[in-house]
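The file query_26.csv comes next; it holds CSV, C-alpha atoms.
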```csv
chain,number,residue,atom,x,y,z
A,1,MET,CA,31.7,-77.3,-79.6
A,2,GLU,CA,31.4,-76.0,-83.2
A,3,SER,CA,34.4,-74.4,-84.8
A,4,SER,CA,34.1,-70.8,-85.9
A,5,SER,CA,34.3,-71.9,-89.5
A,6,GLU,CA,31.2,-74.1,-89.3
A,7,LYS,CA,27.9,-72.6,-90.0
A,8,ASP,CA,24.5,-73.8,-88.9
A,9,PRO,CA,22.3,-74.5,-91.9
A,10,MET,CA,19.6,-72.7,-90.1
A,11,GLU,CA,21.5,-69.5,-90.8
A,12,SER,CA,21.0,-70.0,-94.5
A,13,VAL,CA,17.4,-69.0,-94.2
A,14,LEU,CA,17.1,-65.4,-95.5
A,15,SER,CA,15.2,-63.3,-93.0
A,16,SER,CA,13.2,-61.4,-95.5
A,17,SER,CA,9.6,-60.6,-96.2
A,18,SER,CA,10.3,-60.3,-99.9
A,19,PHE,CA,11.0,-62.7,-102.8
A,20,GLU,CA,14.8,-62.2,-103.5
A,21,LYS,CA,14.7,-62.6,-107.3
A,22,ASP,CA,18.3,-61.4,-107.9
A,23,ARG,CA,19.7,-64.0,-105.5
A,24,HIS,CA,17.7,-66.7,-107.1
A,25,VAL,CA,19.0,-65.8,-110.6
A,26,LYS,CA,22.6,-65.9,-109.4
A,27,PHE,CA,21.9,-69.3,-107.7
A,28,LEU,CA,20.6,-70.7,-111.1
A,29,GLN,CA,23.4,-69.1,-113.1
A,30,MET,CA,25.9,-70.8,-110.8
A,31,MET,CA,24.1,-74.2,-111.4
A,32,TYR,CA,24.2,-73.5,-115.1
A,33,GLN,CA,28.0,-73.2,-115.0
A,34,VAL,CA,28.8,-76.1,-112.7
A,35,LEU,CA,26.9,-78.4,-110.4
A,36,PRO,CA,28.2,-78.8,-106.9
A,37,TYR,CA,29.6,-82.2,-106.0
A,38,ASN,CA,26.5,-83.0,-104.0
A,39,TYR,CA,24.7,-83.7,-107.3
A,40,GLN,CA,27.1,-86.5,-108.3
A,41,THR,CA,24.5,-89.1,-107.2
A,42,HIS,CA,22.0,-87.4,-109.6
A,43,GLU,CA,24.1,-87.8,-112.7
A,44,ILE,CA,21.6,-90.2,-114.2
A,45,ASN,CA,19.1,-87.3,-114.2
A,46,ARG,CA,21.3,-84.6,-115.6
A,47,LEU,CA,18.7,-83.5,-118.2
A,48,THR,CA,16.2,-83.1,-115.4
A,49,LEU,CA,18.6,-80.9,-113.4
A,50,ALA,CA,19.1,-78.9,-116.6
A,51,TYR,CA,15.3,-78.5,-116.9
A,52,PHE,CA,15.1,-77.1,-113.4
A,53,VAL,CA,17.9,-74.5,-114.3
A,54,ILE,CA,16.6,-73.5,-117.7
A,55,SER,CA,13.0,-73.4,-116.8
A,56,GLY,CA,13.8,-71.6,-113.6
A,57,LEU,CA,15.7,-68.9,-115.3
A,58,ASP,CA,12.8,-68.5,-117.8
A,59,LEU,CA,10.3,-68.1,-114.9
A,60,LEU,CA,12.6,-65.5,-113.4
A,61,ALA,CA,12.7,-63.7,-116.7
A,62,SER,CA,16.4,-64.2,-117.0
A,63,LEU,CA,16.8,-66.5,-119.9
A,64,HIS,CA,19.1,-64.0,-121.6
A,65,SER,CA,22.0,-65.2,-119.4
A,66,ILE,CA,22.4,-68.5,-121.2
A,67,ASP,CA,23.8,-69.6,-124.6
A,68,LYS,CA,20.6,-71.0,-126.2
A,69,ASP,CA,22.4,-72.5,-129.2
A,70,ALA,CA,24.8,-74.3,-126.9
A,71,VAL,CA,22.0,-75.6,-124.8
A,72,ALA,CA,20.1,-76.9,-127.8
A,73,GLU,CA,23.2,-78.7,-129.2
A,74,TRP,CA,23.8,-80.3,-125.8
A,75,VAL,CA,20.2,-81.4,-125.3
A,76,LEU,CA,19.9,-82.8,-128.8
A,77,SER,CA,23.0,-84.9,-128.2
A,78,PHE,CA,21.1,-87.1,-125.9
A,79,GLN,CA,18.5,-88.2,-128.4
A,80,ALA,CA,18.6,-91.8,-129.6
A,81,HIS,CA,18.1,-92.6,-133.2
A,82,PRO,CA,17.2,-96.0,-134.9
A,83,SER,CA,19.4,-97.3,-137.6
A,84,ASP,CA,16.5,-97.6,-139.9
A,85,GLU,CA,12.7,-97.3,-140.0
A,86,ALA,CA,12.2,-101.0,-139.2
A,87,GLN,CA,13.9,-100.5,-135.8
A,88,LEU,CA,10.8,-98.4,-134.8
A,89,ASN,CA,8.9,-101.7,-134.3
A,90,ASN,CA,11.5,-103.5,-132.2
A,91,GLY,CA,9.9,-102.6,-128.9
A,92,GLN,CA,12.4,-99.9,-128.0
A,93,PHE,CA,11.7,-96.2,-127.3
A,94,TYR,CA,13.8,-93.7,-129.3
A,95,GLY,CA,13.6,-90.6,-127.1
A,96,PHE,CA,16.2,-88.9,-124.9
A,97,SER,CA,18.6,-90.4,-122.4
A,98,GLY,CA,18.9,-88.6,-119.1
A,99,SER,CA,22.7,-88.4,-119.1
A,100,ARG,CA,25.9,-89.7,-120.6
A,101,THR,CA,26.0,-92.5,-118.1
A,102,SER,CA,22.7,-93.9,-119.6
A,103,GLN,CA,23.7,-93.2,-123.2
A,104,PHE,CA,25.5,-96.0,-125.1
A,105,PRO,CA,27.0,-96.0,-128.6
A,106,PRO,CA,25.5,-98.2,-131.3
A,107,ASP,CA,27.2,-101.5,-132.3
A,108,ASP,CA,29.2,-101.9,-135.5
A,109,ASN,CA,26.0,-102.2,-137.5
A,110,GLY,CA,24.6,-99.0,-136.2
A,111,VAL,CA,22.1,-100.7,-133.9
A,112,LEU,CA,21.4,-99.4,-130.4
A,113,VAL,CA,21.8,-102.6,-128.4
A,114,HIS,CA,21.6,-100.6,-125.1
A,115,ASN,CA,19.1,-97.8,-125.5
A,116,GLY,CA,18.6,-95.8,-122.3
A,117,SER,CA,15.8,-93.5,-123.6
A,118,HIS,CA,13.5,-92.5,-120.8
A,119,LEU,CA,10.0,-90.8,-120.9
A,120,ALA,CA,10.9,-88.3,-118.1
A,121,SER,CA,14.1,-87.4,-119.7
A,122,THR,CA,12.4,-86.9,-123.1
A,123,TYR,CA,9.8,-84.6,-121.5
A,124,CYS,CA,12.6,-82.6,-119.9
A,125,ALA,CA,14.5,-82.4,-123.2
A,126,LEU,CA,11.5,-81.2,-125.2
A,127,ALA,CA,10.5,-78.7,-122.4
A,128,ILE,CA,14.0,-77.2,-122.5
A,129,LEU,CA,14.0,-77.0,-126.3
A,130,LYS,CA,10.6,-75.3,-126.2
A,131,ILE,CA,11.7,-72.8,-123.6
A,132,ILE,CA,14.7,-71.7,-125.6
A,133,GLY,CA,12.7,-71.3,-128.7
A,134,TYR,CA,14.1,-74.2,-130.7
A,135,ASN,CA,12.5,-74.9,-134.1
A,136,PHE,CA,10.5,-78.1,-133.4
A,137,SER,CA,10.2,-78.8,-137.1
A,138,LYS,CA,13.8,-80.0,-136.9
A,139,ILE,CA,12.9,-82.7,-134.3
A,140,ASP,CA,12.2,-86.2,-135.6
A,141,SER,CA,8.8,-86.3,-133.8
A,142,VAL,CA,7.6,-89.3,-135.8
A,143,THR,CA,10.4,-91.5,-134.4
A,144,ILE,CA,9.7,-90.3,-130.8
A,145,LEU,CA,6.0,-90.8,-131.0
A,146,THR,CA,5.9,-94.0,-133.0
A,147,SER,CA,8.3,-95.7,-130.6
A,148,MET,CA,6.6,-94.2,-127.6
A,149,LYS,CA,3.6,-96.4,-128.3
A,150,ASN,CA,5.8,-99.4,-127.4
A,151,LEU,CA,5.8,-98.2,-123.8
A,152,GLN,CA,2.0,-98.0,-123.3
A,153,GLN,CA,0.5,-101.1,-121.6
A,154,PRO,CA,-2.8,-102.8,-122.2
A,155,ASP,CA,-4.3,-101.1,-119.1
A,156,GLY,CA,-3.4,-97.7,-120.4
A,157,SER,CA,-0.4,-97.0,-118.2
A,158,PHE,CA,3.1,-96.3,-119.4
A,159,MET,CA,6.5,-97.8,-118.6
A,160,PRO,CA,9.3,-95.1,-118.6
A,161,ILE,CA,11.8,-97.2,-120.5
A,162,HIS,CA,11.5,-100.2,-122.8
A,163,THR,CA,13.4,-102.6,-120.5
A,164,GLY,CA,10.6,-102.3,-117.9
A,165,ALA,CA,10.1,-100.3,-114.7
A,166,GLU,CA,7.2,-98.9,-112.7
A,167,ARG,CA,3.9,-98.3,-114.5
A,168,ASP,CA,2.0,-95.4,-113.1
A,169,LEU,CA,0.5,-92.0,-113.5
A,170,ARG,CA,3.9,-90.2,-113.7
A,171,PHE,CA,4.6,-91.7,-117.0
A,172,ILE,CA,1.2,-91.2,-118.4
A,173,TYR,CA,1.8,-87.5,-117.7
A,174,CYS,CA,5.2,-87.6,-119.4
A,175,ALA,CA,3.6,-89.2,-122.5
A,176,ALA,CA,0.8,-86.6,-122.5
A,177,ALA,CA,3.2,-83.7,-122.1
A,178,ILE,CA,5.4,-85.0,-124.9
A,179,CYS,CA,2.4,-85.3,-127.3
A,180,SER,CA,1.2,-81.9,-126.3
A,181,LEU,CA,4.7,-80.3,-126.9
A,182,LEU,CA,5.0,-82.1,-130.2
A,183,LYS,CA,1.4,-81.2,-131.1
A,184,ASN,CA,0.8,-84.8,-132.2
A,185,TRP,CA,-1.3,-87.3,-130.2
A,186,SER,CA,-0.4,-90.4,-132.3
A,187,GLY,CA,2.1,-91.6,-129.6
A,188,MET,CA,-0.6,-92.8,-127.1
A,189,ASP,CA,-4.1,-94.2,-126.8
A,190,LYS,CA,-5.8,-91.3,-124.9
A,191,GLU,CA,-8.9,-93.3,-124.1
A,192,LYS,CA,-6.9,-96.1,-122.4
A,193,ALA,CA,-4.8,-93.6,-120.6
A,194,LYS,CA,-8.0,-91.8,-119.4
A,195,GLU,CA,-9.5,-95.0,-118.0
A,196,TYR,CA,-6.3,-95.9,-116.1
A,197,ILE,CA,-6.2,-92.4,-114.6
A,198,LEU,CA,-9.8,-92.6,-113.5
A,199,SER,CA,-9.1,-96.0,-111.8
A,200,CYS,CA,-6.5,-94.2,-109.6
A,201,GLN,CA,-8.9,-91.7,-108.0
A,202,SER,CA,-9.3,-92.7,-104.4
A,203,TYR,CA,-12.3,-92.6,-102.0
A,204,ASP,CA,-11.1,-89.3,-100.5
A,205,GLY,CA,-10.9,-87.5,-103.9
A,206,GLY,CA,-7.1,-87.5,-104.5
A,207,PHE,CA,-5.2,-89.8,-106.8
A,208,GLY,CA,-2.7,-92.5,-106.1
A,209,LEU,CA,0.1,-93.5,-108.5
A,210,ILE,CA,-1.6,-96.8,-109.2
A,211,PRO,CA,-5.2,-98.1,-108.7
A,212,GLY,CA,-5.9,-98.7,-105.0
A,213,SER,CA,-3.0,-96.8,-103.7
A,214,GLU,CA,-3.0,-93.8,-101.3
A,215,SER,CA,-3.9,-90.4,-102.6
A,216,HIS,CA,-0.9,-88.1,-102.6
A,217,GLY,CA,0.7,-85.0,-104.1
A,218,ASP,CA,4.2,-85.9,-103.1
A,219,GLY,CA,7.2,-84.8,-105.0
A,220,THR,CA,8.1,-88.4,-105.7
A,221,GLY,CA,5.6,-88.3,-108.5
A,222,GLY,CA,2.8,-85.9,-107.6
A,223,ALA,CA,0.2,-88.5,-108.5
A,224,THR,CA,-2.8,-86.1,-108.2
A,225,TYR,CA,-1.1,-83.4,-110.3
A,226,CYS,CA,-0.1,-86.0,-112.9
A,227,ALA,CA,-3.7,-87.2,-113.1
A,228,VAL,CA,-5.4,-83.8,-113.4
A,229,ALA,CA,-2.8,-82.3,-115.6
A,230,SER,CA,-2.8,-85.3,-118.0
A,231,LEU,CA,-6.6,-85.2,-118.3
A,232,GLN,CA,-6.5,-81.5,-119.0
A,233,LEU,CA,-3.7,-81.9,-121.6
A,234,MET,CA,-5.7,-84.7,-123.3
A,235,GLY,CA,-8.8,-82.5,-123.4
A,236,PHE,CA,-11.0,-84.6,-121.0
A,237,ILE,CA,-11.4,-81.9,-118.4
A,238,GLU,CA,-11.7,-78.1,-118.8
A,239,ASP,CA,-9.8,-75.3,-117.0
A,240,ASP,CA,-11.6,-73.8,-113.9
A,241,ILE,CA,-14.0,-76.7,-113.6
A,242,ILE,CA,-15.6,-75.5,-110.4
A,243,SER,CA,-17.1,-72.5,-112.1
A,244,LYS,CA,-18.8,-74.8,-114.6
A,245,ASN,CA,-21.2,-77.8,-114.4
A,246,TRP,CA,-18.9,-80.2,-112.6
A,247,SER,CA,-21.6,-82.8,-112.2
A,248,SER,CA,-20.9,-84.0,-115.7
A,249,CYS,CA,-17.1,-84.1,-115.2
A,250,ILE,CA,-15.4,-87.5,-115.5
A,251,ILE,CA,-13.7,-87.1,-112.1
A,252,ASN,CA,-15.2,-86.5,-108.7
A,253,VAL,CA,-14.4,-82.7,-108.5
A,254,PRO,CA,-16.0,-81.9,-105.1
A,255,LEU,CA,-14.0,-84.6,-103.3
A,256,LEU,CA,-10.8,-83.7,-105.2
A,257,LEU,CA,-11.2,-80.0,-104.3
A,258,ASP,CA,-11.8,-80.9,-100.6
A,259,TRP,CA,-8.8,-83.2,-100.5
A,260,SER,CA,-6.6,-80.6,-102.1
A,261,LEU,CA,-7.6,-77.7,-99.9
A,262,GLN,CA,-7.1,-79.9,-96.8
A,263,ARG,CA,-3.4,-80.2,-97.8
A,264,GLN,CA,-2.7,-76.6,-96.7
A,265,ALA,CA,-1.4,-76.9,-93.1
A,266,SER,CA,-1.6,-74.6,-90.1
A,267,ASP,CA,1.9,-73.2,-90.9
A,268,GLY,CA,0.6,-72.0,-94.3
A,269,GLY,CA,2.5,-74.5,-96.4
A,270,PHE,CA,1.2,-77.5,-98.3
A,271,GLN,CA,1.7,-81.1,-97.4
A,272,GLY,CA,1.7,-84.0,-99.9
A,273,ARG,CA,-0.4,-86.3,-97.8
A,274,ALA,CA,-2.2,-86.2,-94.5
A,275,ASN,CA,0.0,-86.1,-91.5
A,276,LYS,CA,3.1,-85.0,-93.5
A,277,ASP,CA,5.2,-81.9,-92.9
A,278,SER,CA,4.7,-78.9,-95.2
A,279,ASP,CA,7.4,-78.8,-97.9
A,280,THR,CA,8.2,-76.2,-100.5
A,281,CYS,CA,7.5,-78.4,-103.5
A,282,TYR,CA,4.0,-79.2,-102.5
A,283,ALA,CA,3.1,-75.6,-103.1
A,284,PHE,CA,3.4,-76.5,-106.8
A,285,TRP,CA,2.1,-80.1,-106.8
A,286,ILE,CA,-1.1,-79.2,-104.9
A,287,GLY,CA,-1.2,-75.5,-105.9
A,288,ALA,CA,-1.2,-76.5,-109.6
A,289,VAL,CA,-4.1,-78.9,-109.2
A,290,LEU,CA,-6.1,-76.2,-107.5
A,291,ARG,CA,-5.2,-73.7,-110.3
A,292,ILE,CA,-6.4,-76.2,-113.0
A,293,LEU,CA,-9.6,-76.8,-111.0
A,294,GLY,CA,-10.2,-73.1,-110.4
A,295,GLY,CA,-9.8,-73.6,-106.6
A,296,HIS,CA,-6.7,-71.5,-106.1
A,297,LYS,CA,-8.9,-68.6,-105.0
A,298,PHE,CA,-9.5,-70.6,-101.8
A,299,ILE,CA,-5.8,-70.9,-100.9
A,300,GLU,CA,-4.7,-68.8,-97.9
A,301,GLN,CA,-2.1,-67.1,-100.0
A,302,LYS,CA,-0.6,-64.8,-97.4
A,303,SER,CA,0.1,-67.8,-95.1
A,304,LEU,CA,1.5,-69.8,-98.0
A,305,ARG,CA,3.8,-67.0,-99.0
A,306,GLY,CA,5.0,-66.7,-95.5
A,307,PHE,CA,5.8,-70.4,-95.3
A,308,LEU,CA,7.7,-70.3,-98.6
A,309,LEU,CA,9.8,-67.3,-97.5
A,310,THR,CA,11.0,-69.3,-94.4
A,311,CYS,CA,12.5,-71.8,-96.9
A,312,GLN,CA,14.2,-69.0,-99.0
A,313,SER,CA,18.0,-69.2,-98.6
A,314,GLU,CA,20.5,-66.4,-98.3
A,315,TYR,CA,22.4,-68.1,-101.1
A,316,GLY,CA,19.5,-68.0,-103.4
A,317,GLY,CA,17.1,-70.9,-104.0
A,318,PHE,CA,14.8,-72.7,-101.7
A,319,SER,CA,15.1,-75.6,-99.3
A,320,LYS,CA,12.7,-78.4,-98.6
A,321,PHE,CA,12.0,-77.3,-95.1
A,322,PRO,CA,12.8,-74.1,-93.2
A,323,GLY,CA,16.4,-74.1,-92.0
A,324,MET,CA,17.9,-76.4,-94.6
A,325,LEU,CA,20.3,-75.7,-97.4
A,326,PRO,CA,18.7,-75.0,-100.9
A,327,ASP,CA,18.7,-77.6,-103.7
A,328,LEU,CA,17.7,-77.4,-107.3
A,329,TYR,CA,14.5,-79.4,-107.1
A,330,HIS,CA,12.9,-77.5,-104.3
A,331,SER,CA,14.3,-74.2,-105.6
A,332,TYR,CA,12.5,-74.8,-109.0
A,333,TYR,CA,9.2,-75.6,-107.4
A,334,GLY,CA,9.6,-72.6,-105.1
A,335,PHE,CA,9.9,-70.5,-108.2
A,336,THR,CA,6.8,-72.1,-109.7
A,337,ALA,CA,4.9,-71.6,-106.5
A,338,PHE,CA,5.7,-67.8,-106.5
A,339,SER,CA,4.7,-67.7,-110.1
A,340,LEU,CA,1.3,-69.2,-109.2
A,341,LEU,CA,1.1,-66.5,-106.5
A,342,GLU,CA,1.6,-64.0,-109.3
A,343,GLU,CA,4.9,-62.6,-107.8
A,344,SER,CA,5.9,-59.4,-109.5
A,345,GLY,CA,8.8,-59.8,-112.0
A,346,LEU,CA,8.1,-63.5,-112.6
A,347,ASN,CA,6.7,-65.0,-115.8
A,348,PRO,CA,3.3,-66.7,-115.5
A,349,LEU,CA,3.4,-70.5,-115.3
A,350,CYS,CA,1.6,-72.9,-117.7
A,351,VAL,CA,0.7,-75.3,-114.9
A,352,GLU,CA,-0.2,-78.3,-117.0
A,353,LEU,CA,3.1,-78.4,-118.8
A,354,GLY,CA,5.4,-77.1,-116.0
A,355,ILE,CA,7.0,-74.3,-118.1
A,356,SER,CA,6.2,-70.6,-118.6
A,357,ASP,CA,3.2,-69.4,-120.6
A,358,ILE,CA,5.6,-67.5,-122.9
A,359,ALA,CA,7.3,-70.8,-123.8
A,360,THR,CA,4.0,-72.4,-124.7
A,361,SER,CA,2.8,-69.5,-126.8
A,362,GLU,CA,3.6,-71.3,-130.1
A,363,ILE,CA,2.2,-74.7,-129.1
```
Please render this file's structure as structure tokens.
Amino acid sequence: MESSSEKDPMESVLSSSSFEKDRHVKFLQMMYQVLPYNYQTHEINRLTLAYFVISGLDLLASLHSIDKDAVAEWVLSFQAHPSDEAQLNNGQFYGFSGSRTSQFPPDDNGVLVHNGSHLASTYCALAILKIIGYNFSKIDSVTILTSMKNLQQPDGSFMPIHTGAERDLRFIYCAAAICSLLKNWSGMDKEKAKEYILSCQSYDGGFGLIPGSESHGDGTGGATYCAVASLQLMGFIEDDIISKNWSSCIINVPLLLDWSLQRQASDGGFQGRANKDSDTCYAFWIGAVLRILGGHKFIEQKSLRGFLLTCQSEYGGFSKFPGMLPDLYHSYYGFTAFSLLEESGLNPLCVELGISDIATSEI
């Protein structure tokens, strides 16, 4: 028998037909001050967690509640710097580490023997700095972009870190977003990246993380989103393709549109792959693809909104599934989903960069 002090997680669902903006702002403000102990295992991704908080507050039009100067100083403290220009050709990547646990001091000669710079962390760092209005002329973009070329492979894919790891669409997206944020495409070979992306489109129209893998829009990487957003950022596809002559498009648009629309399930939510349960985050991973294609007009928006509200917590934030406790990851993508649904009081989302339109206004 449950004690009276125990509470069923199901009760954390907020029975409401409205988006509770004030609760969500308070949820993010709490996360800005201190992360609950549950996030200890995510310490290696602290910059990513900060991105969810800062970008979330921006989408909720509540960025005034943070100390922007303090945030900028903290984010910049994670950047790795070579001891001299010659170090840029040593095969390492001089971007941003994801946390203090992946950041190591240089040796006695000022050389970074253990450099934990990561493409995803670098994207999150630059996104945060862009959101808070940091002056990008103060960023050593040459070092970031010159060393980032060390991560691109002969087939066009990217490793996230110079010591080696997975090579797939997620890190092509990070590289493309970094170049776009820095307004400098010298850090990657766009043609090679394009060819790799095209090789990942599957027979059903979606994209897998690597050539020959299953199409998916899962939150583990959102392969289809990474493919489409990267191509859009690199200038290989236009916005709202379906209203134009898609027969000349480099990807199979009709199949991709069909695959994406089939991801909306009977409960109104989106699934990442066939036969998976609907999940809050897929409303972004698939919804953003449809927005870029111009297919968002075919979404059953009322049903989607209804599903998302079943994942809204009384504590603020969103959970993965109805009845679960909220977490930062699904909360952030819940906010992006409502921005895509044009919820009143939310800032519009720049879908290809994952930050608000306001933040990208100077890019």
Find the residues around Leu346 in chain A up to 9 Å (only C-alpha atoms counted), leave out those fewer than 3 positions away in its own chain, and share them as a compact mmCIF listing (two decimals) with C-alpha atoms, keeping the file's coordinate frame.
```
# COMPACT_ATOMS: atom_id res chain seq x y z
CA LYS A 21 14.70 -62.60 -107.30
CA ASP A 58 12.80 -68.50 -117.80
CA LEU A 59 10.30 -68.10 -114.90
CA LEU A 60 12.60 -65.50 -113.40
CA ALA A 61 12.70 -63.70 -116.70
CA PHE A 335 9.90 -70.50 -108.20
CA PHE A 338 5.70 -67.80 -106.50
CA SER A 339 4.70 -67.70 -110.10
CA GLU A 342 1.60 -64.00 -109.30
CA GLU A 343 4.90 -62.60 -107.80
CA LEU A 349 3.40 -70.50 -115.30
```
Subject >> Two-atom distance - CA of Glu314 in chain A, CA of Ser18 in chain A (Å) >> reply: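 Those two atoms sit 12.0 Å apart.
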Original post:
In Å, with one decimal, what is the gap from CA of Leu119 in chain A to CA of Pro160 in chain A?
Top reply: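 If I compute the distance from CA of Leu119 in chain A to CA of Pro160 in chain A, I get 4.9 Å.
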**OP:** For CA of Cys311 in chain A and CA of Arg263 in chain A, determine how far apart the two atoms are, in Å to one decimal place.
**Re:**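 CA of Cys311 in chain A sits 18.0 Å away from CA of Arg263 in chain A.
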**OP:** Within 9 Å of Tyr94 in chain A, counting only C-alpha atoms, which residues show up once you throw out same-chain ones fewer than 5 positions away? Write them as a ChimeraX atom specification, please.
**Re:** /A:79-82,88,115-118,143-148
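With all atoms listed in the file as the basis for measurement, A:Leu209 is the residue among A:Cys179, A:Leu47, A:Leu209, A:Val25 that approaches Arg167 in chain A most closely.
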**OP:** Would you mind telling me which residue in A:Met188, A:Val228, A:Met30, A:Ala337 lies nearest to Arg305 in chain A when using all atoms listed in the file?
**Re:** A:Ala337
Original post:
Using only C-alpha atoms, which residues sit within 9 Å of Ser202 in chain A once same-chain residues fewer than 5 positions away are excluded, as a VMD selection string?
Top reply: chain A and resid 207 to 208 211 to 215
For range 141-236 of chain A against range 255-259 of chain A, with a cut-off of 8 Å and counting only C-alpha atoms, what is the closest atom pair and its distance in Å to one decimal for every residue that makes the cut, ordered by chain and number, as CSV?
```
residue,atom,partner,partner_atom,distance
A:Asp204,CA,A:Leu255,CA,6.2
A:Gly205,CA,A:Leu256,CA,4.0
A:Gly206,CA,A:Leu256,CA,5.3
```
Original post:
With all atoms listed in the file as the basis for distance, which of A:Ile251, A:Cys281, A:Leu340, A:Ile54 is at the shortest distance from Phe318 in chain A?
Top reply: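 The closest residue to Phe318 in chain A is A:Cys281.
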**OP:** Determine the nearest neighbour of Ser356 in chain A from the options A:Lys138, A:Leu309, A:Pro322, A:Thr336, counting only C-alpha atoms.
**Re:**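 Comparing A:Lys138, A:Leu309, A:Pro322, A:Thr336 against Ser356 in chain A, the winner is A:Thr336.
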**OP:** Name all residues at most 12 Å from His296 in chain A (count all atoms listed in the file; drop same-chain ones fewer than 3 positions away) and give them as JSON, numbers by chain.
**Re:** {"A": [239, 240, 241, 242, 257, 260, 261, 264, 283, 284, 286, 287, 288, 289, 290, 291, 292, 293, 299, 300, 301, 304, 337, 340, 341, 342]}
**OP:** Rank A:Thr360, A:Asn90, A:Thr101, A:Ser278 by their smallest atom-to-atom distance to Lys130 in chain A, using all atoms listed in the file, and report the top residue only.
**Re:**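 Among the listed residues, A:Thr360 lies closest to Lys130 in chain A.
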Subject >> A:Leu353, A:Leu231, A:Leu169, A:Leu328 ranked by distance to Tyr32 in chain A, top pick (using all atoms listed in the file) >> reply: A:Leu328
Neighbouring residues of Ile358 in chain A were defined as those with any atom within 9 Å, considering only C-alpha atoms; residues of the same chain fewer than 4 positions away were excluded. Please report them as a compact mmCIF listing (two decimals) with C-alpha atoms, in the frame of the given file.
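The resulting out00.txt:
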```txt
# COMPACT_ATOMS: atom_id res chain seq x y z
CA ASP A 58 12.80 -68.50 -117.80
CA ILE A 131 11.70 -72.80 -123.60
CA ASN A 347 6.70 -65.00 -115.80
CA PRO A 348 3.30 -66.70 -115.50
CA LEU A 349 3.40 -70.50 -115.30
CA CYS A 350 1.60 -72.90 -117.70
CA GLU A 362 3.60 -71.30 -130.10
```
Would you pull range 228-232 of chain A out of the block just shown and save all heavy atoms as a short mmCIF file (atom, residue, chain, number, x, y, z; two decimals), in the first residue's frame?
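Result written to selection16.cif:
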```cif
data_model
loop_
_atom_site.label_atom_id
_atom_site.label_comp_id
_atom_site.auth_asym_id
_atom_site.auth_seq_id
_atom_site.Cartn_x
_atom_site.Cartn_y
_atom_site.Cartn_z
N VAL A 228 17.52 17.19 -43.35
CA VAL A 228 16.77 18.25 -44.02
C VAL A 228 17.24 19.64 -43.56
O VAL A 228 17.44 20.54 -44.38
CB VAL A 228 15.26 18.08 -43.78
CG1 VAL A 228 14.48 19.24 -44.36
CG2 VAL A 228 14.78 16.76 -44.37
N ALA A 229 17.45 19.80 -42.25
CA ALA A 229 17.90 21.09 -41.75
C ALA A 229 19.31 21.43 -42.25
O ALA A 229 19.60 22.58 -42.58
CB ALA A 229 17.88 21.10 -40.22
N SER A 230 20.17 20.42 -42.33
CA SER A 230 21.53 20.66 -42.84
C SER A 230 21.50 21.11 -44.29
O SER A 230 22.20 22.05 -44.68
CB SER A 230 22.38 19.39 -42.70
OG SER A 230 22.56 19.03 -41.35
N LEU A 231 20.71 20.42 -45.10
CA LEU A 231 20.60 20.80 -46.52
C LEU A 231 20.05 22.20 -46.67
O LEU A 231 20.47 22.97 -47.55
CB LEU A 231 19.73 19.79 -47.26
CG LEU A 231 20.32 18.39 -47.44
CD1 LEU A 231 19.28 17.44 -48.03
CD2 LEU A 231 21.56 18.42 -48.33
N GLN A 232 19.11 22.56 -45.81
CA GLN A 232 18.54 23.90 -45.87
C GLN A 232 19.58 24.95 -45.46
O GLN A 232 19.74 25.98 -46.11
CB GLN A 232 17.29 23.98 -44.98
CG GLN A 232 16.33 25.10 -45.31
CD GLN A 232 16.79 26.45 -44.77
OE1 GLN A 232 17.50 26.51 -43.77
NE2 GLN A 232 16.38 27.53 -45.42
#
```
